[in-house]
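Q: Pasting a structure here, questions to come.
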Amino acid sequence: MPSFDEVLKEAGEFGRFQKRVFFLLCQTGITFSFLFASVVFLGLAPENYWCRIPGAAELSERCGWTLEEERNFTVLPLRLANESSSRECERLDMAWDTSTSCANPLSLYGNRSAGSLPLTACHDNWVYEEPHSSVVSEYNLVCGNAWMLDLTQAILNLGFLAGAFTLGYAADRYGRILIYLLSCLGVGICGIIVAFAPNFTVFLIFRFLQGVFGKGTWMTCYVIVTEIVGSDQRILGIVIQIFFTLGIMILPGISYWVPNWQGIQLAISLPNFLFLLYYWAVPESPRWLLTRRKREKALKIMRDIAKHNGKYLSPHYSEITVSNEEVSNPSFLDLVRTTQMRRNTLILMYAWFTSALIYQGLVMRLGIVGGNLYLDFFISGAVELPAALLILVTIDRIGRRLPFAISNIVAGIACLITAFLPDDLPWFKTTVATLGRLGITMAFEIVYLVNTELYPTTLRNFGVSLCSSLCDLGGIIAPFLLFRLAAIWLELPLIIFSILAVVCGLLVLLLPETKGISLPETVEDVEQLSSHDGKCGKKRKHRDTNTYI
């Protein structure tokens, strides 16, 4: 009986059918990037706000003050009281009532000088000129509550982490396309609830759930694309990353034209409902069906693929070989039970963690260094396009492992140099920092491809999801690490990034080369991969014969 790869070659490894499915699923990259980076615009810090004195609202209404007049009575004396005061986070320690004068509300302090007016910290009751422009103004995430904005991104990444475990497992057990469609539905529903959350707690709960389902859409679509094309076309996984980058470039445009955070949230969430139409356009992965002993369904899909590709499957392909490996529900022990699987798993987990931590750290660093946020964010996304092009040019010529290692090392060296460059050379510092962003983007995109190619079919979705869960752990840590270390020294995070990236570059050299090798079907296939060259995989014995293929 022929193997799946032989039948796929006969049906067309990247014909019209795969191109259609590929283009449709690539759109998931755009919507996932919206979710991934949206906090930058959902959480824009308000420009003008102050702390309202108790009783000021009632007094303002009685006296007929405009908002500007109330602000002058509140903030101007505070500025005179203490020039070093954080005016948004403090207020005059007083309360206004019906006896307070409209003309001079500070008269109750008599002739005391401005410098002697008592101050107190503000804990609530802030006033914003644009009260619903961002999550920050909506839920008072300012001053002592500013860390809660970082929490919103950490919670999202925690959702990614939970989604990697739960939906990665579910996709291996119940099917790729089923979990993909349910995840798209979940992202859309949770996104709407987030936009209209009545309080911050509800906001966090459904942002977490949106992360869970968002990870399900992203990882499952990636695996589907990888499993329905031939080994020579698996670099298409890199092209999906280009659509992620396009989303990064589109997001600042949406945020610029949509006036408030609820509108932005709806704009990035509602498109997920359109993906439900894929129920009629994207089939289940035939490779997965074979691992679940569903030969007839797999063969039917392969005939459909051949028909759409203008090919014909001969009667010789009435059956397809199924892995002799016992089909079971995957577990973490399956990923570390053998030597090569254990090495691959541990190195890939570290690579995911490093890539996410550095990538998110460099993106969020844009908010620290200042500048035009919308333009800088767009440019930072445009910088990622050459990364994908470099990968496409090199990965089938020199393999996966060397570009993977070099991109990490280049990113680490660039971060280290940027940290010590003087600020009076902004153009040079920006150029070197851009090189670091380019390097870590390449590393981030290659790890997706390599991770998919180093696990057998029965464990692929679970393995990719589990290893990529360390990416989510990096995302949880990134905002806190960046802002806490930057408070000590602005460039200190870059030093940490450089160490992590260089170590990762050295470790990935221990991974097997997978250039030109068929996707492994069993753990035994993975164990036969050599860490020194890619020839071993091509010599792999056919499971049901004694001949080499």
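Convention: chains lettered A, B, ... in structure tokens order; per-chain residue numbering from 1; ligands numbered from 1 as shown.
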Would you write out, as JSON lines, a table of all residues in segment 193-226 of chain A that have an atom no more than 10 Å from an atom of segment 258-267 of chain A, listing for each the closest atom pair and the distance in Å to one decimal, considering only C-alpha atoms and ordering rows by chain and rising residue number?
A:
```
{"residue": "A:Ile193", "atom": "CA", "partner": "A:Leu266", "partner_atom": "CA", "distance": 9.5}
{"residue": "A:Val194", "atom": "CA", "partner": "A:Gln265", "partner_atom": "CA", "distance": 7.6}
{"residue": "A:Ala195", "atom": "CA", "partner": "A:Gln262", "partner_atom": "CA", "distance": 4.9}
{"residue": "A:Phe196", "atom": "CA", "partner": "A:Gln262", "partner_atom": "CA", "distance": 7.2}
{"residue": "A:Ala197", "atom": "CA", "partner": "A:Gln262", "partner_atom": "CA", "distance": 9.6}
```
Q: Show which residues sit within 7 Å of segment 29-37 of chain A, as a list in words. Count only C-alpha atoms, and ignore same-chain residues fewer than 2 positions away.
A: Cys26, Gln27, Val39, Val40, Gly214, Trp218, Ile240, Gln241, Phe243, Phe244, Leu246, Gly247, Ile248, Leu251 and Ile268 of chain A
Q: Quick one: residues within 10 Å of segment 347-357 of chain A, only C-alpha atoms, excluding same-chain residues fewer than 6 positions away - as a PyMOL selection string?
A: chain A and resi 404+408+411+439-445+447-448+450-451+454+463-464+466-479+481-482+497+499-505+507-511
Q: Counting only C-alpha atoms, which of A:Ile254, A:Ala56, A:Val21, A:Ala95 gets nearest to Leu42 of chain A?
A: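 Ranking A:Ile254, A:Ala56, A:Val21, A:Ala95 by distance to Leu42 of chain A, first place goes to A:Ile254.
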Q: So which one's closest to Glu384 of chain A, A:Ile358, A:Val212, A:Thr74, A:Leu435? Using only C-alpha atoms, please.
A: A:Leu435
Q: When you draw a straight line from atom CA of Val229 of chain A to atom CA of Tyr279 of chain A, how long is it in Å?
A: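 Rounded to one decimal, the two atoms are 19.5 Å apart.
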Q: Please identify all polymer residues within 6 Å of segment 165-174 of chain A, counting only C-alpha atoms, omitting same-chain residues fewer than 2 positions from it, and present them as an NGL selection string.
A: :A and (162-163 or 176 or 179 or 216 or 461-462 or 465-466)
Q: Since we have the selection now, will you write its residues out, keeping N, CA, C and O atoms, as a tab-separated table (two decimals), in the first residue's frame?
A:
```
chain	number	residue	atom	x	y	z
A	162	ALA	N	-2.99	28.60	28.09
A	162	ALA	CA	-4.06	27.63	28.35
A	162	ALA	C	-4.59	27.04	27.04
A	162	ALA	O	-4.88	25.84	26.95
A	163	GLY	N	-4.69	27.88	26.01
A	163	GLY	CA	-5.16	27.40	24.72
A	163	GLY	C	-4.21	26.40	24.08
A	163	GLY	O	-4.63	25.44	23.42
A	176	ARG	N	-8.52	18.79	13.44
A	176	ARG	CA	-7.98	20.15	13.27
A	176	ARG	C	-9.09	21.16	12.96
A	176	ARG	O	-9.20	22.20	13.60
A	179	ILE	N	-11.76	22.09	15.79
A	179	ILE	CA	-11.23	22.98	16.82
A	179	ILE	C	-10.96	24.37	16.25
A	179	ILE	O	-11.18	25.39	16.93
A	216	GLY	N	-5.99	28.81	19.63
A	216	GLY	CA	-6.55	27.67	18.89
A	216	GLY	C	-6.63	27.95	17.40
A	216	GLY	O	-6.30	27.09	16.58
A	461	ASN	N	0.32	18.33	16.50
A	461	ASN	CA	-0.42	19.49	17.00
A	461	ASN	C	-0.19	19.69	18.49
A	461	ASN	O	0.00	20.81	18.97
A	462	PHE	N	-0.17	18.58	19.23
A	462	PHE	CA	0.08	18.67	20.67
A	462	PHE	C	1.50	19.16	20.94
A	462	PHE	O	1.72	20.00	21.81
A	465	SER	N	1.81	22.86	20.04
A	465	SER	CA	1.08	23.67	21.02
A	465	SER	C	1.79	23.72	22.36
A	465	SER	O	1.88	24.77	22.99
A	466	LEU	N	2.32	22.56	22.79
A	466	LEU	CA	3.00	22.53	24.08
A	466	LEU	C	4.27	23.34	24.07
A	466	LEU	O	4.53	24.15	24.97
```
